[in-house]
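Okay, so here's the structure we're looking at.
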Amino acid sequence: MARRQHGLVSRVQLLRTGLDAAAIWRRLQNGVLEEALPTVYRVPGTPRTWLQSLMAVCLWAGGDAVASHRAAATLWGLDGFEEGPLEVTAGKKNQCSARFKVHQPPVAPNLVTRKHGIPVTNAARTLLDLASCVNEERMNQVLDDALRKGLVSMESLGRTVAQGKGSGRRGVAVLRRLVQQRDPVYQPSASELQASVRRLLIGDGLEVEEDYVITDADGNFIARVDFRLSGEWVVVEVEGRANHSSKVDWEHDLTRGNRIIGEGSGVIHATADKVNNHPEEFLAEVHRARAGQARLRGRRAGSSA
């Protein structure tokens with residue numbers, strides 16, 4: 001049992017195996033077990049990890065306890081959440097001196113699964129909980145990350161919001177807004193940097209086509225670019241996805257860029273520094289490229305007249 005629970009076992013579980021209180025006390029005195037939390041025991045020598053600490057809190061809080069909120073986000077591997085606060089949702093209140101947070105009321109069993117052997121809120125419920133403890137801008141990024149990783153779908157998020165209606169939970173209104181801002185068939189950008197570029201361009205009033213395929217006059221594939229300004233000969237490439245691991249990769253990207261330019265498009269490169277720290281400069285570069293392409297097209301049209 002302890003092997004499946006990160007080297008831990010609860011008093012209730014030991015009693016269910018037939019041990020009595022005296023037998024448990026002797027094992028503690030003899031060093032066969034050691035206390036991790038009140039009524040939760042560790043097998044000596046097992047690695048002391050964050051996962052073990054989280055499992056200990058779940059065992060301490062009882063059979064309805066599940067990892068939730070930021071701890072659940074860490075278990076699900078959501079970007080930006082690392083091993084840190086211990087948070088669970090359960091019916092039991094934290095009345096001991098250990099440093100962890102217990103949310104209430106308990107989570108319905110149909111919203112619970114397991115990760116790394118630890119009971120945890122499912123991904124959609126985790127997002128609902130997170131919406132109550134991170135700001136909306138951060139939540140927007142987290143939601144896209146969960147969609148990108150296939151942890152949730154727009155359909156499952158819609159159901160979660162509908163089920164939370166009237167519950168009084170703080171995160172419901174935030175998650176509802178974020179879901180309503182997306183089409184039912186919405187697919188997030190390939191990366192958060194690409195998503196940031198998309199928000200900048202659209203926020204500046206530009207219409208864009210994401211993951212646009214460029215072809216030559218005969219319909220042959222040239223390249224797939226991150227963004228094309230709708231109706232214009234300007235593309236935007238997000239450099240975060242082009243970390244060259246070799247000279248071959250570097251030369252391939254140069255050739256690819258030359259072919260895009262050869263087909264008549266101006267190319268703007270969006271770097272993380274420019275997008276995050278100098279967005280006005282980035283947008284100015286985009287508009288200069290638009291103006292330059294417009295002048296070039298105008299001269300070509302005049303010369304052919």
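How things are named: the first chain in the structure tokens is A, the next is B, and so on; residues count from 1 in each chain; ligands count from 1 in the order shown.
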
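Within region 71-114 of chain A, the backbone-based DSSP assignment of helix (DSSP H, G or I) covers Ala71, Ala72, Ala73, Thr74, Leu75, Pro109, Asn110 and Leu111 of chain A.
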
Please produce a file of the residues just selected, as a PDB file, in the first residue's frame, where the atoms kept are C-alpha atoms.
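Here's the written file again-v1.pdb:
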```
ATOM      1  CA  ALA A  71      -1.121  21.976  -6.659  1.00  0.00           C
ATOM      2  CA  ALA A  72      -3.433  20.361  -9.230  1.00  0.00           C
ATOM      3  CA  ALA A  73      -2.062  22.671 -11.944  1.00  0.00           C
ATOM      4  CA  THR A  74       1.417  21.390 -11.118  1.00  0.00           C
ATOM      5  CA  LEU A  75       0.276  17.767 -11.355  1.00  0.00           C
ATOM      6  CA  PRO A 109     -16.412  12.236  -7.289  1.00  0.00           C
ATOM      7  CA  ASN A 110     -17.111  12.586 -11.029  1.00  0.00           C
ATOM      8  CA  LEU A 111     -14.680  15.545 -11.122  1.00  0.00           C
TER       9      LEU A 111
END
```

Practice problem: Based on DSSP run over this structure's backbone, return all residues of region 123-248 of chain A in strand (DSSP E), as a count of residues only. | Solution: 22

Neighbour list for Gly31 (chain A) as an MDAnalysis selection string, cut-off 12 Å, only C-alpha atoms, skip fewer than 5 positions in-chain: chainID A and resid 24:26 41:45

query: Which residues come within 7 Å of Leu86 (chain A), counting only C-alpha atoms, excluding same-chain residues fewer than 6 positions away, as a PyMOL selection string?
result: chain A and resi 54+71+100-101

Could you write out that same residue set with N, CA and C atoms as an mmCIF file, in the first residue's frame?
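Here's the written file result.cif:
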```cif
data_model
loop_
_atom_site.group_PDB
_atom_site.id
_atom_site.type_symbol
_atom_site.label_atom_id
_atom_site.label_comp_id
_atom_site.auth_asym_id
_atom_site.auth_seq_id
_atom_site.Cartn_x
_atom_site.Cartn_y
_atom_site.Cartn_z
ATOM 1 N N LEU A 54 2.382 16.210 -0.785
ATOM 2 C CA LEU A 54 1.010 16.425 -1.248
ATOM 3 C C LEU A 54 0.144 15.202 -0.954
ATOM 4 N N ALA A 71 -1.750 23.299 -6.754
ATOM 5 C CA ALA A 71 -1.121 21.976 -6.659
ATOM 6 C C ALA A 71 -1.603 21.082 -7.790
ATOM 7 N N PHE A 100 -0.251 24.030 4.876
ATOM 8 C CA PHE A 100 -0.944 23.676 3.639
ATOM 9 C C PHE A 100 -2.330 24.295 3.694
ATOM 10 N N LYS A 101 -2.972 24.359 2.531
ATOM 11 C CA LYS A 101 -4.284 25.015 2.439
ATOM 12 C C LYS A 101 -5.346 23.983 2.088
#
```
